[in-house]
$ cat my_file28.cif   # mmCIF, C-alpha atoms and all ligand atoms
data_data
loop_
_atom_site.group_PDB
_atom_site.id
_atom_site.type_symbol
_atom_site.label_atom_id
_atom_site.label_comp_id
_atom_site.auth_asym_id
_atom_site.auth_seq_id
_atom_site.Cartn_x
_atom_site.Cartn_y
_atom_site.Cartn_z
ATOM 1 C CA THR Q 268 108.482 80.966 78.554
ATOM 2 C CA ALA Q 269 108.670 83.616 81.228
ATOM 3 C CA ILE Q 270 108.095 82.939 84.908
ATOM 4 C CA ILE Q 271 105.445 85.211 86.383
ATOM 5 C CA VAL Q 272 106.117 86.293 89.951
ATOM 6 C CA ALA Q 273 103.194 87.834 91.841
ATOM 7 C CA THR Q 274 105.216 90.605 93.439
ATOM 8 C CA ARG Q 275 105.514 94.369 93.411
ATOM 9 C CA ASN Q 276 108.627 94.374 95.578
ATOM 10 C CA GLN Q 277 111.566 95.645 93.465
ATOM 11 C CA GLY Q 278 114.102 93.895 95.681
ATOM 12 C CA LYS Q 279 112.391 90.554 95.166
ATOM 13 C CA VAL Q 280 112.072 91.161 91.403
ATOM 14 C CA LYS Q 281 115.846 91.709 91.130
ATOM 15 C CA GLU Q 282 116.643 88.605 93.152
ATOM 16 C CA PHE Q 283 114.274 86.366 91.185
ATOM 17 C CA ALA Q 284 115.553 87.731 87.866
ATOM 18 C CA HIS Q 285 119.116 86.972 88.943
ATOM 19 C CA ALA Q 286 118.376 83.526 90.396
ATOM 20 C CA LEU Q 287 116.292 82.325 87.469
ATOM 21 C CA GLU Q 288 118.663 83.671 84.823
ATOM 22 C CA PHE Q 289 120.653 80.429 84.895
ATOM 23 C CA MET Q 290 117.489 78.559 83.926
ATOM 24 C CA GLY Q 291 117.254 80.840 80.908
ATOM 25 C CA LYS Q 292 113.920 82.045 82.207
ATOM 26 C CA PRO Q 293 112.952 85.685 81.945
ATOM 27 C CA VAL Q 294 111.003 86.914 84.952
ATOM 28 C CA ARG Q 295 107.832 88.956 84.807
ATOM 29 C CA SER Q 296 106.442 90.747 87.852
ATOM 30 C CA MET Q 297 103.255 92.625 88.599
ATOM 31 C CA TYR Q 298 104.904 95.698 87.045
ATOM 32 C CA ASP Q 299 104.304 93.908 83.714
ATOM 33 C CA TYR Q 300 100.651 93.356 84.605
ATOM 34 C CA PRO Q 301 99.461 96.717 85.952
ATOM 35 C CA GLU Q 302 95.841 95.588 85.571
ATOM 36 C CA VAL Q 303 96.255 92.990 88.319
ATOM 37 C CA PRO Q 304 94.973 94.418 91.614
ATOM 38 C CA GLU Q 305 96.968 94.141 94.833
ATOM 39 C CA VAL Q 306 96.138 90.980 96.778
ATOM 40 C CA VAL Q 307 95.051 91.538 100.385
ATOM 41 C CA GLU Q 308 97.480 89.667 102.641
ATOM 42 C CA ASP Q 309 95.333 88.663 105.575
ATOM 43 C CA GLY Q 310 96.806 85.214 106.198
ATOM 44 C CA GLU Q 311 98.218 84.173 109.546
ATOM 45 C CA THR Q 312 101.268 82.503 108.025
ATOM 46 C CA PHE Q 313 103.764 83.117 105.239
ATOM 47 C CA ALA Q 314 102.401 79.969 103.562
ATOM 48 C CA ASP Q 315 98.790 81.227 103.642
ATOM 49 C CA ASN Q 316 99.797 84.553 102.087
ATOM 50 C CA ALA Q 317 102.048 83.019 99.442
ATOM 51 C CA ARG Q 318 99.311 80.607 98.348
ATOM 52 C CA LYS Q 319 96.730 83.403 98.277
ATOM 53 C CA LYS Q 320 98.934 85.660 96.129
ATOM 54 C CA ALA Q 321 99.824 82.855 93.702
ATOM 55 C CA LYS Q 322 96.249 81.576 93.362
ATOM 56 C CA THR Q 323 94.584 84.984 93.008
ATOM 57 C CA VAL Q 324 96.985 86.136 90.290
ATOM 58 C CA GLY Q 325 97.225 82.698 88.638
ATOM 59 C CA ASP Q 326 93.440 82.373 88.302
ATOM 60 C CA LEU Q 327 93.233 85.929 86.970
ATOM 61 C CA LEU Q 328 95.940 85.497 84.318
ATOM 62 C CA GLY Q 329 95.178 81.859 83.526
ATOM 63 C CA GLN Q 330 98.873 81.000 83.783
ATOM 64 C CA PRO Q 331 101.182 79.431 86.384
ATOM 65 C CA VAL Q 332 102.283 82.024 88.928
ATOM 66 C CA LEU Q 333 104.969 82.018 91.625
ATOM 67 C CA ALA Q 334 104.482 84.020 94.831
ATOM 68 C CA ASP Q 335 106.893 84.822 97.667
ATOM 69 C CA ASP Q 336 105.765 85.722 101.142
ATOM 70 C CA SER Q 337 108.582 86.507 103.477
ATOM 71 C CA GLY Q 338 109.619 88.475 106.501
ATOM 72 C CA LEU Q 339 111.804 88.931 109.525
ATOM 73 C CA CYS Q 340 111.037 87.154 112.830
ATOM 74 C CA VAL Q 341 112.801 88.700 115.831
ATOM 75 C CA ASP Q 342 113.107 86.567 118.958
ATOM 76 C CA LYS Q 343 113.041 89.402 121.515
ATOM 77 C CA LEU Q 344 109.844 90.659 119.838
ATOM 78 C CA ASP Q 345 108.192 87.229 120.038
ATOM 79 C CA GLY Q 346 108.501 86.732 116.289
ATOM 80 C CA ALA Q 347 107.422 90.209 115.165
ATOM 81 C CA PRO Q 348 107.266 91.747 112.627
ATOM 82 C CA GLY Q 349 106.747 88.339 110.923
ATOM 83 C CA VAL Q 350 103.944 88.422 108.354
ATOM 84 C CA TYR Q 351 103.634 92.171 109.032
ATOM 85 C CA SER Q 352 107.236 92.878 107.980
ATOM 86 C CA ALA Q 353 106.310 94.946 104.913
ATOM 87 C CA ARG Q 354 104.016 97.231 106.938
ATOM 88 C CA TYR Q 355 105.598 97.208 110.396
ATOM 89 C CA ALA Q 356 105.667 101.023 110.579
ATOM 90 C CA GLY Q 357 102.179 101.246 109.039
ATOM 91 C CA GLU Q 358 100.421 100.657 105.716
ATOM 92 C CA GLY Q 359 102.606 101.819 102.826
ATOM 93 C CA ALA Q 360 105.677 102.266 105.046
ATOM 94 C CA THR Q 361 109.076 102.481 103.356
ATOM 95 C CA ASP Q 362 111.906 100.043 104.137
ATOM 96 C CA GLU Q 363 113.658 102.897 105.933
ATOM 97 C CA GLU Q 364 110.617 103.595 108.141
ATOM 98 C CA ASN Q 365 110.291 99.899 108.986
ATOM 99 C CA ASN Q 366 113.974 99.749 109.934
ATOM 100 C CA VAL Q 367 113.620 102.770 112.228
ATOM 101 C CA LYS Q 368 110.577 101.170 113.849
ATOM 102 C CA LEU Q 369 112.396 97.879 114.423
ATOM 103 C CA LEU Q 370 115.365 99.568 116.099
ATOM 104 C CA GLN Q 371 113.013 101.673 118.243
ATOM 105 C CA GLU Q 372 111.180 98.590 119.492
ATOM 106 C CA LEU Q 373 114.413 96.740 120.309
ATOM 107 C CA GLU Q 374 116.212 99.717 121.872
ATOM 108 C CA GLU Q 375 113.192 100.292 124.096
ATOM 109 C CA LEU Q 376 113.568 96.742 125.423
ATOM 110 C CA GLN Q 377 117.272 97.325 126.035
ATOM 111 C CA GLN Q 378 116.690 100.416 128.210
ATOM 112 C CA GLY Q 379 117.691 99.839 131.801
ATOM 113 C CA GLU Q 380 120.303 97.261 130.856
ATOM 114 C CA ASP Q 381 123.719 98.556 131.888
ATOM 115 C CA THR Q 382 125.629 97.158 128.915
ATOM 116 C CA GLU Q 383 124.827 98.622 125.528
ATOM 117 C CA GLN Q 384 125.763 96.198 122.840
ATOM 118 C CA PRO Q 385 125.033 96.520 119.120
ATOM 119 C CA LEU Q 386 123.603 93.016 118.651
ATOM 120 C CA LEU Q 387 120.051 93.500 119.921
ATOM 121 C CA SER Q 388 118.406 90.128 119.309
ATOM 122 C CA THR Q 389 118.640 86.911 117.404
ATOM 123 C CA GLY Q 390 116.195 86.439 114.550
ATOM 124 C CA ARG Q 391 115.623 84.904 111.180
ATOM 125 C CA PHE Q 392 114.440 85.752 107.700
ATOM 126 C CA VAL Q 393 111.784 83.356 106.453
ATOM 127 C CA CYS Q 394 110.588 82.872 102.861
ATOM 128 C CA HIS Q 395 107.713 80.748 101.623
ATOM 129 C CA LEU Q 396 107.288 80.159 97.900
ATOM 130 C CA ALA Q 397 104.104 78.918 96.278
ATOM 131 C CA LEU Q 398 103.905 78.013 92.596
ATOM 132 C CA TYR Q 399 100.289 77.670 91.493
ATOM 133 C CA ASN Q 400 99.058 76.179 88.250
ATOM 134 C CA PRO Q 401 95.478 77.179 87.394
ATOM 135 C CA ALA Q 402 95.263 74.334 84.846
ATOM 136 C CA ASP Q 403 95.150 71.706 87.615
ATOM 137 C CA GLY Q 404 94.638 73.848 90.728
ATOM 138 C CA GLN Q 405 97.827 72.401 92.259
ATOM 139 C CA PHE Q 406 100.495 74.131 94.342
ATOM 140 C CA ILE Q 407 104.188 73.312 94.557
ATOM 141 C CA GLU Q 408 105.707 74.914 97.648
ATOM 142 C CA ALA Q 409 109.062 75.412 99.318
ATOM 143 C CA SER Q 410 110.461 77.449 102.164
ATOM 144 C CA GLY Q 411 113.757 78.623 103.584
ATOM 145 C CA SER Q 412 115.196 80.596 106.461
ATOM 146 C CA VAL Q 413 118.460 82.147 107.607
ATOM 147 C CA GLU Q 414 119.552 82.885 111.188
ATOM 148 C CA GLY Q 415 121.231 86.115 112.247
ATOM 149 C CA TRP Q 416 121.270 89.049 114.633
ATOM 150 C CA ILE Q 417 119.576 92.438 114.542
ATOM 151 C CA THR Q 418 122.260 95.102 114.834
ATOM 152 C CA SER Q 419 121.791 98.697 116.022
ATOM 153 C CA GLN Q 420 124.490 99.706 113.517
ATOM 154 C CA PRO Q 421 122.964 99.496 110.004
ATOM 155 C CA SER Q 422 125.451 98.915 107.211
ATOM 156 C CA GLY Q 423 125.567 98.159 103.488
ATOM 157 C CA GLY Q 424 123.784 99.272 100.341
ATOM 158 C CA GLY Q 425 122.869 95.922 98.808
ATOM 159 C CA GLY Q 426 119.693 93.884 99.088
ATOM 160 C CA PHE Q 427 116.527 95.549 100.380
ATOM 161 C CA GLY Q 428 114.207 95.770 103.363
ATOM 162 C CA TYR Q 429 115.797 94.846 106.682
ATOM 163 C CA ASP Q 430 119.087 93.660 105.123
ATOM 164 C CA PRO Q 431 121.215 96.540 106.561
ATOM 165 C CA LEU Q 432 120.094 95.547 110.081
ATOM 166 C CA PHE Q 433 120.592 91.795 109.674
ATOM 167 C CA TYR Q 434 124.050 90.797 110.901
ATOM 168 C CA LEU Q 435 125.645 87.460 110.007
ATOM 169 C CA PRO Q 436 128.330 86.546 112.567
ATOM 170 C CA THR Q 437 130.040 83.999 110.284
ATOM 171 C CA TYR Q 438 130.583 86.674 107.615
ATOM 172 C CA GLU Q 439 131.056 89.580 110.053
ATOM 173 C CA LYS Q 440 128.810 91.485 107.652
ATOM 174 C CA THR Q 441 125.209 92.507 107.329
ATOM 175 C CA MET Q 442 123.066 90.963 104.608
ATOM 176 C CA ALA Q 443 123.218 94.342 102.799
ATOM 177 C CA GLU Q 444 127.026 94.072 102.623
ATOM 178 C CA LEU Q 445 126.880 90.829 100.653
ATOM 179 C CA THR Q 446 126.905 90.649 96.866
ATOM 180 C CA MET Q 447 123.783 89.312 95.160
ATOM 181 C CA GLU Q 448 125.549 85.933 94.679
ATOM 182 C CA GLU Q 449 126.602 85.754 98.329
ATOM 183 C CA LYS Q 450 123.137 86.671 99.535
ATOM 184 C CA GLN Q 451 121.506 84.088 97.300
ATOM 185 C CA ALA Q 452 123.862 81.368 98.525
ATOM 186 C CA ILE Q 453 122.737 81.780 102.142
ATOM 187 C CA SER Q 454 119.417 83.629 102.124
ATOM 188 C CA HIS Q 455 115.956 82.377 103.012
ATOM 189 C CA ARG Q 456 114.882 83.100 99.422
ATOM 190 C CA GLY Q 457 117.885 81.315 97.920
ATOM 191 C CA ALA Q 458 117.218 78.249 100.064
ATOM 192 C CA ALA Q 459 113.520 78.213 99.175
ATOM 193 C CA LEU Q 460 114.306 78.583 95.463
ATOM 194 C CA ARG Q 461 116.734 75.663 95.555
ATOM 195 C CA GLU Q 462 114.142 73.473 97.285
ATOM 196 C CA LEU Q 463 111.529 74.486 94.707
ATOM 197 C CA ALA Q 464 113.905 73.734 91.816
ATOM 198 C CA GLU Q 465 114.584 70.282 93.312
ATOM 199 C CA LYS Q 466 110.862 69.535 93.557
ATOM 200 C CA LEU Q 467 110.319 70.663 89.961
ATOM 201 C CA ASN Q 468 113.219 68.534 88.728
ATOM 202 C CA LYS Q 469 111.697 65.428 90.295
ATOM 203 C CA ARG Q 470 108.533 65.803 88.195
HETATM 204 P P1 LIG Q 501 104.862 91.446 97.519
HETATM 205 O O1 LIG Q 501 103.803 90.995 98.482
HETATM 206 O O2 LIG Q 501 104.323 92.266 96.389
HETATM 207 O O3 LIG Q 501 105.733 90.334 97.058
HETATM 208 P P2 LIG Q 501 105.991 92.735 99.866
HETATM 209 O O4 LIG Q 501 107.203 93.580 100.109
HETATM 210 O O5 LIG Q 501 104.691 93.251 100.415
HETATM 211 O O6 LIG Q 501 105.869 92.462 98.295
HETATM 212 P P3 LIG Q 501 105.827 90.540 101.708
HETATM 213 O O7 LIG Q 501 104.400 90.796 102.002
HETATM 214 O O8 LIG Q 501 106.291 89.124 101.530
HETATM 215 O O9 LIG Q 501 106.275 91.286 100.388
HETATM 216 O O10 LIG Q 501 106.689 91.222 102.837
HETATM 217 C C1 LIG Q 501 108.054 90.962 102.873
HETATM 218 C C2 LIG Q 501 108.796 91.994 103.717
HETATM 219 O O11 LIG Q 501 109.755 91.308 104.540
HETATM 220 C C3 LIG Q 501 109.596 92.924 102.830
HETATM 221 O O12 LIG Q 501 108.877 94.092 102.506
HETATM 222 C C4 LIG Q 501 110.799 93.214 103.697
HETATM 223 O O13 LIG Q 501 110.483 94.219 104.609
HETATM 224 C C5 LIG Q 501 111.004 91.906 104.446
HETATM 225 N N1 LIG Q 501 111.915 91.013 103.701
HETATM 226 C C6 LIG Q 501 111.595 89.871 103.019
HETATM 227 N N2 LIG Q 501 112.669 89.345 102.422
HETATM 228 C C7 LIG Q 501 113.701 90.154 102.721
HETATM 229 C C8 LIG Q 501 115.062 90.158 102.383
HETATM 230 O O14 LIG Q 501 115.593 89.245 101.569
HETATM 231 N N3 LIG Q 501 115.829 91.138 102.876
HETATM 232 C C9 LIG Q 501 115.318 92.094 103.663
HETATM 233 N N4 LIG Q 501 114.028 92.181 104.015
HETATM 234 C C10 LIG Q 501 113.218 91.219 103.548
HETATM 235 NA NA NA Q 502 102.921 92.104 100.295
#
$ encode --input "my_file28.cif" --output "structure tokens"
Amino acid sequence: TAIIVATRNQGKVKEFAHALEFMGKPVRSMYDYPEVPEVVEDGETFADNARKKAKTVGDLLGQPVLADDSGLCVDKLDGAPGVYSARYAGEGATDEENNVKLLQELEELQQGEDTEQPLLSTGRFVCHLALYNPADGQFIEASGSVEGWITSQPSGGGGFGYDPLFYLPTYEKTMAELTMEEKQAISHRGAALRELAEKLNKR
């Protein structure tokens, strides 16, 4: 049976399809259920939003549903954009617009410093997964994160969102320069998925 993921983010859909392929599980997203309305994400935490997305869609469809709430937390911006990552540059903003906004905010902070260096701040990607089963009302949850730097020199065509700006010193590459396999091996989403799989295996 297919795994239903409560997302409309094409980047996430691709990553889930790839990661779950080895389980022999086809992935369905909200593109397969156009009648499902968008869930308002008004939670204060990734966990709140992930649970809300999974429960709303799960109750509506009457089937188990997985939801991912994720984002980028930048230290010099006190954790922003955080849960607002998808709409940092405003409601309906594109990835490109959000990236421009992030660099603007960080470059503004750097003004007045005499050394200009491309690595603007440390930060981390965070992912919270919630799997909700409407049959028993229970959640199974997992989360993951990955540390890196925000670079003023975007690079790479892989991944999505803030990946071109997220520099990994150990790889000397941005997240967008990694292959799908490489990204999944180290990413916040990959880590959360592995923790979720472990929890499911124990049942
Ligand atoms: P759904 O709610 O429909 O799943 P969304 O894009 O609105 O899609 P979120 O509310 O969880 O999802 O916001 C996540 C944002 O965080 C996403 O739009 C990106 O800007 C960023 N993000 C999350 N994971 C990322 C990743 O692996 N690489 C780059 N950016 C990521
Ligand atoms: Na969202």
$ closest_residue --input "my_file28.cif" --among "Q:Glu408, Q:Asp299, Q:Glu383, Q:Glu358" --to "Q:Val280" --atoms "all atoms listed in the file"
Q:Asp299
$ closest_residue --input "my_file28.cif" --among "Q:Asp336, Q:Asp326, Q:Glu305, Q:Asp381" --to "ligand LIG 501 (chain Q)" --atoms "only C-alpha atoms and all ligand atoms"
Q:Asp336
$ residues_near_point --input "my_file28.cif" --point "(114.2, 96.5, 121.7)" --cutoff "10 Å" --atoms "all atoms listed in the file" --output "list in words"
Val341, Lys343, Leu344, Lys368, Leu369, Leu370, Gln371, Glu372, Leu373, Glu374, Glu375, Leu376, Gln377, Gln378, Leu387, Ser388, Ile417 and Ser419 of chain Q
$ axis_aligned_box --input "my_file28.cif" --around "stretch 424-436 of chain Q" --padding-each-side "3 Å" --output "JSON"
{"center_x": 121.3, "center_y": 92.9, "center_z": 105.7, "size_x": 20.1, "size_y": 18.7, "size_z": 19.8}
$ resolve_selection --input "my_file28.cif" --expression "the PyMOL selection byres (((not hetatm)) within 7 of (chain Q and resi 501))" --output "JSON, numbers by chain"
{"Q": [273, 274, 275, 276, 279, 334, 335, 336, 337, 338, 339, 350, 351, 352, 353, 362, 392, 394, 426, 427, 428, 429, 430, 454, 456]}
$ resolve_selection --input "my_file28.cif" --expression "the PyMOL selection byres (((chain Q and resi 443) around 6) and not hetatm)" --output "list in words"
Gly423, Gly424, Gly425, Gly426, Asp430, Pro431, Thr441, Met442, Glu444 and Leu445 of chain Q
$ atom_distance --input "my_file28.cif" --atom1 "atom CA of Q:Arg461" --atom2 "atom CA of Q:Thr418"
27.9 Å
$ residues_around --input "my_file28.cif" --residues "Q:Asn400" --least-positions-apart "6" --cutoff "7 Å" --atoms "all atoms listed in the file" --output "number ranges by chain"
Q: 325, 330-332, 406
$ atom_distance --input "my_file28.cif" --atom1 "atom CA of Q:Phe433" --atom2 "atom CA of Q:Trp416"
5.7 Å
$ residues_around --input "my_file28.cif" --residues "Q:Glu308" --least-positions-apart "4" --cutoff "10 Å" --atoms "all atoms listed in the file" --output "MDAnalysis selection string"
chainID Q and resid 312:313 315:317 319:320 336 350:351
$ resolve_selection --input "my_file28.cif" --expression "the PyMOL selection byres (((chain Q and resi 407) around 8) and not hetatm)" --output "compact mmCIF listing (two decimals) with C-alpha atoms, keeping the file's coordinate frame"
# COMPACT_ATOMS: atom_id res chain seq x y z
CA ALA Q 397 104.10 78.92 96.28
CA LEU Q 398 103.90 78.01 92.60
CA TYR Q 399 100.29 77.67 91.49
CA GLN Q 405 97.83 72.40 92.26
CA PHE Q 406 100.50 74.13 94.34
CA GLU Q 408 105.71 74.91 97.65
CA ALA Q 409 109.06 75.41 99.32
CA LEU Q 463 111.53 74.49 94.71
CA LYS Q 466 110.86 69.54 93.56
$ closest_residue --input "my_file28.cif" --among "Q:Val272, Q:Val307, Q:Ala284, Q:Ala321" --to "ligand NA 502 (chain Q)" --atoms "only C-alpha atoms and all ligand atoms"
Q:Val307
$ closest_residue --input "my_file28.cif" --among "Q:Ala347, Q:Leu467, Q:Leu432, Q:Val413" --to "Q:Ile453" --atoms "all atoms listed in the file"
Q:Val413
$ decode --input "my_file28.cif" --residues "stretch 280-321 of chain Q" --atoms "C-alpha atoms" --output "tab-separated table (two decimals), in the first residue's frame"
chain	number	residue	atom	x	y	z
Q	280	VAL	CA	7.81	14.62	-2.65
Q	281	LYS	CA	10.93	13.67	-4.64
Q	282	GLU	CA	12.95	12.96	-1.52
Q	283	PHE	CA	10.25	10.83	0.10
Q	284	ALA	CA	9.66	8.90	-3.13
Q	285	HIS	CA	13.39	8.17	-3.35
Q	286	ALA	CA	13.84	7.29	0.33
Q	287	LEU	CA	10.81	5.02	0.55
Q	288	GLU	CA	11.50	3.26	-2.74
Q	289	PHE	CA	13.68	0.70	-0.96
Q	290	MET	CA	10.69	-0.24	1.19
Q	291	GLY	CA	8.81	-0.94	-2.03
Q	292	LYS	CA	6.33	1.73	-1.03
Q	293	PRO	CA	4.90	4.10	-3.60
Q	294	VAL	CA	4.43	7.61	-2.27
Q	295	ARG	CA	1.32	9.71	-2.71
Q	296	SER	CA	1.28	13.44	-2.01
Q	297	MET	CA	-1.41	16.08	-1.87
Q	298	TYR	CA	-1.06	16.40	-5.66
Q	299	ASP	CA	-2.90	13.04	-5.75
Q	300	TYR	CA	-5.63	14.41	-3.49
Q	301	PRO	CA	-6.47	17.83	-4.94
Q	302	GLU	CA	-9.69	17.91	-2.89
Q	303	VAL	CA	-7.73	18.15	0.36
Q	304	PRO	CA	-7.51	21.81	1.43
Q	305	GLU	CA	-4.24	23.38	2.54
Q	306	VAL	CA	-3.67	23.06	6.28
Q	307	VAL	CA	-3.03	26.34	8.11
Q	308	GLU	CA	0.38	26.10	9.79
Q	309	ASP	CA	-0.02	28.22	12.88
Q	310	GLY	CA	1.99	26.09	15.30
Q	311	GLU	CA	4.91	27.45	17.28
Q	312	THR	CA	7.09	24.42	16.63
Q	313	PHE	CA	7.92	22.05	13.78
Q	314	ALA	CA	6.34	19.27	15.87
Q	315	ASP	CA	3.05	21.17	16.31
Q	316	ASN	CA	2.80	21.82	12.57
Q	317	ALA	CA	3.75	18.29	11.54
Q	318	ARG	CA	1.14	16.79	13.88
Q	319	LYS	CA	-1.51	19.24	12.67
Q	320	LYS	CA	-0.85	18.45	8.99
Q	321	ALA	CA	-0.84	14.68	9.58
